[in-house]
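Engineer: Below is the file coords-v7.pdb, which contains PDB, C-alpha atoms, pLDDT in the B column.
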ATOM      1  CA  MET A   1       0.000   0.000   0.000  1.00 45.00           C
ATOM      2  CA  ASN A   2       1.335   3.443  -0.942  1.00 59.00           C
ATOM      3  CA  GLU A   3       1.574   6.014   1.818  1.00 74.00           C
ATOM      4  CA  ASP A   4      -0.683   9.014   1.189  1.00 79.00           C
ATOM      5  CA  PRO A   5       1.399  12.251   1.228  1.00 82.00           C
ATOM      6  CA  ARG A   6      -1.534  13.952   3.006  1.00 84.00           C
ATOM      7  CA  CYS A   7      -1.143  11.691   6.048  1.00 83.00           C
ATOM      8  CA  CYS A   8      -0.292  13.568   9.254  1.00 75.00           C
ATOM      9  CA  GLY A   9       2.403  11.037  10.110  1.00 74.00           C
ATOM     10  CA  ALA A  10       0.416   8.941  12.572  1.00 75.00           C
ATOM     11  CA  GLY A  11       0.174   6.160  10.000  1.00 75.00           C
ATOM     12  CA  THR A  12      -3.542   5.741  10.672  1.00 81.00           C
ATOM     13  CA  CYS A  13      -4.989   8.264   8.219  1.00 84.00           C
ATOM     14  CA  ILE A  14      -7.953   7.156   6.135  1.00 87.00           C
ATOM     15  CA  ILE A  15      -8.619  10.003   3.691  1.00 88.00           C
ATOM     16  CA  ASP A  16     -11.670  10.125   1.418  1.00 90.00           C
ATOM     17  CA  PRO A  17     -11.706  11.674  -2.091  1.00 88.00           C
ATOM     18  CA  GLU A  18     -12.840  15.059  -0.672  1.00 86.00           C
ATOM     19  CA  GLY A  19      -9.750  15.178   1.560  1.00 86.00           C
ATOM     20  CA  PHE A  20     -11.499  14.392   4.865  1.00 89.00           C
ATOM     21  CA  CYS A  21      -9.660  12.096   7.273  1.00 89.00           C
ATOM     22  CA  TRP A  22     -11.472   9.793   9.707  1.00 87.00           C
ATOM     23  CA  CYS A  23     -10.170  11.996  12.572  1.00 86.00           C
ATOM     24  CA  GLY A  24     -12.118  15.023  11.307  1.00 85.00           C
ATOM     25  CA  GLN A  25      -9.281  16.936   9.687  1.00 87.00           C
ATOM     26  CA  GLN A  26      -9.372  17.983   6.021  1.00 87.00           C
ATOM     27  CA  TRP A  27      -6.613  18.506   3.478  1.00 87.00           C
ATOM     28  CA  ASP A  28      -6.401  22.270   2.785  1.00 86.00           C
ATOM     29  CA  GLY A  29      -4.041  21.964  -0.183  1.00 86.00           C
ATOM     30  CA  GLU A  30      -0.909  22.188   1.953  1.00 87.00           C
ATOM     31  CA  LYS A  31      -1.582  20.330   5.210  1.00 86.00           C
ATOM     32  CA  MET A  32      -4.221  18.506   7.217  1.00 85.00           C
ATOM     33  CA  ALA A  33      -6.205  20.933   9.378  1.00 85.00           C
ATOM     34  CA  MET A  34      -9.549  21.168  11.136  1.00 85.00           C
ATOM     35  CA  PRO A  35     -12.157  22.333   8.606  1.00 83.00           C
ATOM     36  CA  LYS A  36     -13.816  25.699   9.043  1.00 80.00           C
ATOM     37  CA  PRO A  37     -17.360  25.398  10.378  1.00 79.00           C
ATOM     38  CA  VAL A  38     -20.110  25.857   7.811  1.00 76.00           C
ATOM     39  CA  LEU A  39     -23.478  27.282   8.841  1.00 74.00           C
ATOM     40  CA  PRO A  40     -26.652  26.040   7.171  1.00 78.00           C
ATOM     41  CA  ALA A  41     -28.088  28.553   4.667  1.00 79.00           C
ATOM     42  CA  ASP A  42     -31.128  29.332   6.836  1.00 81.00           C
ATOM     43  CA  GLU A  43     -28.902  30.283   9.775  1.00 78.00           C
ATOM     44  CA  VAL A  44     -26.776  32.521   7.537  1.00 74.00           C
ATOM     45  CA  GLN A  45     -29.931  34.293   6.319  1.00 80.00           C
ATOM     46  CA  ALA A  46     -31.166  34.761   9.903  1.00 82.00           C
ATOM     47  CA  ILE A  47     -27.841  36.279  10.968  1.00 82.00           C
ATOM     48  CA  GLN A  48     -27.794  38.611   7.961  1.00 82.00           C
ATOM     49  CA  SER A  49     -31.371  39.671   8.697  1.00 85.00           C
ATOM     50  CA  GLN A  50     -30.464  40.474  12.313  1.00 83.00           C
ATOM     51  CA  GLN A  51     -27.438  42.491  11.175  1.00 82.00           C
ATOM     52  CA  ASP A  52     -29.544  44.410   8.648  1.00 82.00           C
ATOM     53  CA  GLN A  53     -32.119  45.237  11.347  1.00 78.00           C
ATOM     54  CA  SER A  54     -29.346  46.408  13.695  1.00 77.00           C
ATOM     55  CA  LYS A  55     -27.899  48.678  11.001  1.00 74.00           C
ATOM     56  CA  ALA A  56     -31.346  50.119  10.186  1.00 73.00           C
ATOM     57  CA  GLY A  57     -32.002  50.837  13.873  1.00 69.00           C
ATOM     58  CA  ALA A  58     -28.644  52.598  14.249  1.00 65.00           C
ATOM     59  CA  GLU A  59     -29.380  55.063  11.460  1.00 61.00           C
TER      60      GLU A  59
END
How does this structure look as structure tokens?

Structural biologist:
Amino acid sequence: MNEDPRCCGAGTCIIDPEGFCWCGQQWDGEKMAMPKPVLPADEVQAIQSQQDQSKAGAE
């Protein structure tokens, strides 16, 4: 079995085609790192709506 160059060195990496390892890290193009959290679209819209309301109230 060929060693994956994305492996962190522990020798236990199992990396899927999207670059996610079983431990939760993701290949970022240079190294394995914890992925940035992604909010569901409805939560993003709710946050933007709250920010818009705050800006309108400040004016």

Engineer: Starting from the shown file, work through the PyMOL selection byres ((chain A and resi 19-32) around 12) and note down what comes out as a tab-separated table (two decimals) with C-alpha atoms, in the coordinates of the input.

Structural biologist:
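Here's the written file part_0.tsv:
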chain	number	residue	atom	x	y	z
A	4	ASP	CA	-0.68	9.01	1.19
A	5	PRO	CA	1.40	12.25	1.23
A	6	ARG	CA	-1.53	13.95	3.01
A	7	CYS	CA	-1.14	11.69	6.05
A	8	CYS	CA	-0.29	13.57	9.25
A	9	GLY	CA	2.40	11.04	10.11
A	10	ALA	CA	0.42	8.94	12.57
A	11	GLY	CA	0.17	6.16	10.00
A	12	THR	CA	-3.54	5.74	10.67
A	13	CYS	CA	-4.99	8.26	8.22
A	14	ILE	CA	-7.95	7.16	6.14
A	15	ILE	CA	-8.62	10.00	3.69
A	16	ASP	CA	-11.67	10.12	1.42
A	17	PRO	CA	-11.71	11.67	-2.09
A	18	GLU	CA	-12.84	15.06	-0.67
A	33	ALA	CA	-6.20	20.93	9.38
A	34	MET	CA	-9.55	21.17	11.14
A	35	PRO	CA	-12.16	22.33	8.61
A	36	LYS	CA	-13.82	25.70	9.04
A	37	PRO	CA	-17.36	25.40	10.38

Engineer: What's the separation between atom CA of A:Ala56 and atom CA of A:Leu39, in Å to one decimal place?

Structural biologist: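 One can read the atom CA of A:Ala56 to atom CA of A:Leu39 distance as 24.2 Å.
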
Engineer: Find the smallest box with edges along x, y and z containing every listed atom of stretch 33-44 of chain A, then add 3 Å on each side and report centre and edge lengths in Å to one decimal, as lines of an AutoDock Vina configuration file.

Structural biologist:
center_x = -18.7
center_y = 26.7
center_z = 7.9
size_x = 30.9
size_y = 17.6
size_z = 12.5
